[in-house]
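*Asks:* Sharing a structure with you now.
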Amino acid sequence: MTLLFALLLGALVPASTAQALPAWPSISQGASGANVTTAQYLLRHHGHDIAADGQFGPATAAAVTGFQSSRGLAADGVVGARTWPQLVVTVQQGAGGDAVRAAQTQLNKYGAGLSVDGNFGALTDSAVRSFQSSQGLAVDGQVGPATWQSLLGGGGGGGPSGHALPLDRSAAPRSDYAQPHWGTTPAIDLIVTNLPTYAVTGGRVEHYSSTSCGIGIRLLQPDGSRFVYCHLSARSTADGAQVSAGTRVGTTGDTGNSGAPHLHIEIRTSDGLARCPQNYLLAIWDGRQPPGLTSLPTSGCTTG
């Protein structure tokens with residue numbers, strides 16, 4: 001880490017937003033995944049007879065515009081920052097039905113492993129409290145507006161099915177995911193301070209530390225490829241844990257050969273080659289299925 005780079009990073013590091021709520025995600029026709037399923041369950045709660053299949057098709061779009069019209073909202077078919085607050089329903093232990101299924105779907109995005117049965121029992125209550133604690137929210141077991149916003153907006157909400165951004169969507173703009181890596185290793189550095197970081201896809205967590213990486217994890221894939229996270233201040237998952245996309249795996253930091261707080265991510269394929277992660281992460285940001293790992297370039301994503 002050069003002194004010049006360290007000074008540059010220090011100038012770019014924003015004030016910590018660890019306690020700020022993530023932005024509400026925006027989903028519309030053509031989207032898929034857990035946030036779509038959640039919207040569908042909530043629309044069902046409000047009386048719209050649609051399938052909760054995770055696919056935002058014409059029937060879901062019609063239900064959204066109908067709901068928006070009934071609430072005096074612009075009927076644009078987009079579930080975003082104006083529609084979610086009207087759509088979500090406060091639920092807590094003892095509640096039941098589709099609104100609870102919506103909450104259970106969101107909690108499972110973070111590795112809760114709940115049965116989506118619509119019964120808000122002790123296991124769901126425990127998962128809610130654990131999530132609230134991890135996000136710095138009031139730990140009351142109640143899925144109210146702030147908890148809904150954290151659930152929906154966190155874990156890279158809005159990504160394609162089976163994938164999530166490594167940071168809350170509000171933590172870094174799309175342009176940051178297109179930046180070249182400053183060093184010689186194909187990688188990316190996201191300039192953030194002490195924020196939650198999430199699994200970009202499912203995998204097995206392996207704790208990893210080195211002088212260079214500091215506190216890190218490897219997210220191992222069945223074919224031997226791996227996603228490497230470095231410079232964490234803390235890990236959030238046990239060594240050997242199997243996690244799904246969007247599960248919180250740690251907190252970004254400044255450990256190892258860092259110079260200033262940031263999240264370093266590498267992708268290494270089973271042949272041991274480091275691959276440029278920019279195109280993979282940009283696809284997730286855009287809601288597209290990411291390219292195959294072996295199609296990612298091994299050069300051209302660094303500045304020298």
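Following the order of the structure tokens, chains are lettered A, B, ..., residues in each are numbered from 1, and ligands are numbered from 1.
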For A:Ser236, work out the shell of residues within 10 Å, counting only C-alpha atoms and skipping chain neighbours fewer than 4 positions away, then give it as a VMD selection string.
*Replies:* chain A and resid 134 196 to 198 247 to 251
*Asks:* Quick check for you: according to DSSP on this backbone, which residues of stretch 129-187 of chain A are classed as alpha helix (DSSP H)? Reply as a list in words.
*Replies:*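 Alpha helix (DSSP H) members of stretch 129-187 of chain A, listed: Arg129, Ser130, Phe131, Gln132, Ser133, Ser134, Pro145, Ala146, Thr147, Trp148, Gln149, Ser150, Leu151, Leu152 and Gly153 of chain A.
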*Asks:* For the residues in the current selection, export N, CA, C and O atoms as a CSV table (one decimal), in the first residue's frame.
*Replies:*
chain,number,residue,atom,x,y,z
A,129,ARG,N,-35.4,-10.9,15.9
A,129,ARG,CA,-34.6,-10.2,16.9
A,129,ARG,C,-33.1,-10.3,16.5
A,129,ARG,O,-32.4,-9.3,16.7
A,130,SER,N,-32.7,-11.4,16.0
A,130,SER,CA,-31.3,-11.6,15.6
A,130,SER,C,-31.0,-10.6,14.4
A,130,SER,O,-29.9,-9.9,14.4
A,131,PHE,N,-31.9,-10.5,13.5
A,131,PHE,CA,-31.6,-9.6,12.4
A,131,PHE,C,-31.6,-8.1,12.9
A,131,PHE,O,-30.7,-7.3,12.5
A,132,GLN,N,-32.5,-7.8,13.7
A,132,GLN,CA,-32.6,-6.4,14.3
A,132,GLN,C,-31.3,-6.0,15.0
A,132,GLN,O,-30.7,-5.0,14.8
A,133,SER,N,-30.8,-7.0,15.8
A,133,SER,CA,-29.6,-6.8,16.5
A,133,SER,C,-28.4,-6.6,15.6
A,133,SER,O,-27.5,-5.7,15.8
A,134,SER,N,-28.3,-7.4,14.5
A,134,SER,CA,-27.2,-7.3,13.5
A,134,SER,C,-27.2,-6.0,12.8
A,134,SER,O,-26.2,-5.5,12.3
A,145,PRO,N,-42.0,-0.7,10.0
A,145,PRO,CA,-41.4,-0.1,8.8
A,145,PRO,C,-39.9,-0.1,8.8
A,145,PRO,O,-39.4,-0.3,7.7
A,146,ALA,N,-39.2,0.2,9.9
A,146,ALA,CA,-37.7,0.3,9.8
A,146,ALA,C,-37.1,-1.1,9.5
A,146,ALA,O,-36.2,-1.3,8.8
A,147,THR,N,-37.7,-2.1,10.2
A,147,THR,CA,-37.2,-3.5,9.9
A,147,THR,C,-37.5,-4.0,8.5
A,147,THR,O,-36.7,-4.6,7.8
A,148,TRP,N,-38.7,-3.7,8.0
A,148,TRP,CA,-39.0,-4.0,6.6
A,148,TRP,C,-38.1,-3.3,5.7
A,148,TRP,O,-37.6,-4.0,4.7
A,149,GLN,N,-37.8,-2.0,5.9
A,149,GLN,CA,-36.9,-1.3,5.0
A,149,GLN,C,-35.5,-1.9,5.0
A,149,GLN,O,-34.8,-2.1,4.0
A,150,SER,N,-35.0,-2.3,6.2
A,150,SER,CA,-33.7,-2.9,6.3
A,150,SER,C,-33.7,-4.3,5.7
A,150,SER,O,-32.7,-4.7,5.0
A,151,LEU,N,-34.7,-5.1,5.8
A,151,LEU,CA,-34.8,-6.4,5.2
A,151,LEU,C,-34.8,-6.3,3.7
A,151,LEU,O,-34.1,-7.0,3.0
A,152,LEU,N,-35.7,-5.4,3.2
A,152,LEU,CA,-35.9,-5.3,1.7
A,152,LEU,C,-34.7,-4.7,1.0
A,152,LEU,O,-34.3,-5.1,0.0
A,153,GLY,N,-34.2,-3.6,1.6
A,153,GLY,CA,-33.1,-2.8,1.0
A,153,GLY,C,-31.7,-3.4,1.2
A,153,GLY,O,-30.8,-3.1,0.5
*Asks:* Can you list every residue in stretch 58-262 of chain A that DSSP puts in strand (DSSP E), as an MDAnalysis selection string?
*Replies:* chainID A and resid 188:190 196:198 203:210 214:220 226:235 242:243 248:252
*Asks:* Contacts of A:Thr294 at 10 Å or less, counting only C-alpha atoms, minus same-chain residues fewer than 5 places along, as a PDB file with N, CA, C and O atoms, in the first residue's frame?
*Replies:*
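Final output, result33.pdb:
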ATOM      1  N   SER A 225     -14.098 -22.863  -7.253  1.00  0.00           N
ATOM      2  CA  SER A 225     -13.888 -21.416  -7.350  1.00  0.00           C
ATOM      3  C   SER A 225     -14.260 -20.770  -6.018  1.00  0.00           C
ATOM      4  O   SER A 225     -14.875 -21.408  -5.151  1.00  0.00           O
ATOM      5  N   ILE A 267     -12.266 -12.654  -7.182  1.00  0.00           N
ATOM      6  CA  ILE A 267     -12.866 -13.900  -7.651  1.00  0.00           C
ATOM      7  C   ILE A 267     -11.747 -14.762  -8.201  1.00  0.00           C
ATOM      8  O   ILE A 267     -10.974 -14.321  -9.054  1.00  0.00           O
ATOM      9  N   ARG A 268     -11.640 -15.981  -7.677  1.00  0.00           N
ATOM     10  CA  ARG A 268     -10.639 -16.927  -8.183  1.00  0.00           C
ATOM     11  C   ARG A 268     -11.349 -18.195  -8.643  1.00  0.00           C
ATOM     12  O   ARG A 268     -12.130 -18.778  -7.896  1.00  0.00           O
ATOM     13  N   THR A 269     -11.066 -18.599  -9.877  1.00  0.00           N
ATOM     14  CA  THR A 269     -11.681 -19.794 -10.424  1.00  0.00           C
ATOM     15  C   THR A 269     -10.890 -21.028  -9.993  1.00  0.00           C
ATOM     16  O   THR A 269      -9.828 -20.935  -9.391  1.00  0.00           O
ATOM     17  N   SER A 270     -11.432 -22.201 -10.292  1.00  0.00           N
ATOM     18  CA  SER A 270     -10.845 -23.452  -9.792  1.00  0.00           C
ATOM     19  C   SER A 270      -9.431 -23.684 -10.321  1.00  0.00           C
ATOM     20  O   SER A 270      -8.674 -24.463  -9.734  1.00  0.00           O
ATOM     21  N   ASP A 271      -9.043 -23.000 -11.401  1.00  0.00           N
ATOM     22  CA  ASP A 271      -7.686 -23.116 -11.918  1.00  0.00           C
ATOM     23  C   ASP A 271      -6.710 -22.210 -11.182  1.00  0.00           C
ATOM     24  O   ASP A 271      -5.528 -22.141 -11.516  1.00  0.00           O
ATOM     25  N   LEU A 273      -6.761 -18.929 -11.094  1.00  0.00           N
ATOM     26  CA  LEU A 273      -6.598 -17.614 -11.694  1.00  0.00           C
ATOM     27  C   LEU A 273      -7.522 -16.591 -11.033  1.00  0.00           C
ATOM     28  O   LEU A 273      -8.697 -16.880 -10.763  1.00  0.00           O
ATOM     29  N   ALA A 274      -6.996 -15.402 -10.778  1.00  0.00           N
ATOM     30  CA  ALA A 274      -7.814 -14.290 -10.284  1.00  0.00           C
ATOM     31  C   ALA A 274      -8.513 -13.648 -11.477  1.00  0.00           C
ATOM     32  O   ALA A 274      -7.903 -13.421 -12.527  1.00  0.00           O
ATOM     33  N   ARG A 275      -9.800 -13.369 -11.305  1.00  0.00           N
ATOM     34  CA  ARG A 275     -10.617 -12.821 -12.390  1.00  0.00           C
ATOM     35  C   ARG A 275     -11.151 -11.448 -11.989  1.00  0.00           C
ATOM     36  O   ARG A 275     -11.441 -11.196 -10.826  1.00  0.00           O
TER      37      ARG A 275
END
*Asks:* Could you pull the residues within 8 Å of A:Leu296, counting only C-alpha atoms, minus those fewer than 3 positions along the same chain, as a list in words?
*Replies:* Arg275, Cys276, Pro277, Asn279, Tyr280, Pro291, Gly292 and Leu293 of chain A
*Asks:* May I have the residues within 7 Å of A:Val91 as a list in words, using only C-alpha atoms and disregarding those fewer than 4 positions away in the same chain?
*Replies:*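 So, after excluding close chain neighbours, the residues are Ala95, Val100, Gln142, Val143 and Gly144 of chain A.
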*Asks:* Would you kindly return, as a PyMOL selection string, each protein, DNA or RNA residue with an atom no farther than 8 Å from any atom of A:Leu190, considering only C-alpha atoms and excluding same-chain residues fewer than 6 positions away?
*Replies:* chain A and resi 172+176-177+262-264
*Asks:* Using only C-alpha atoms, which of A:Ile191, A:Ala31, A:Ala59, A:Ile284 sits nearest A:Ala164?
*Replies:*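 Closest candidate: A:Ile284.
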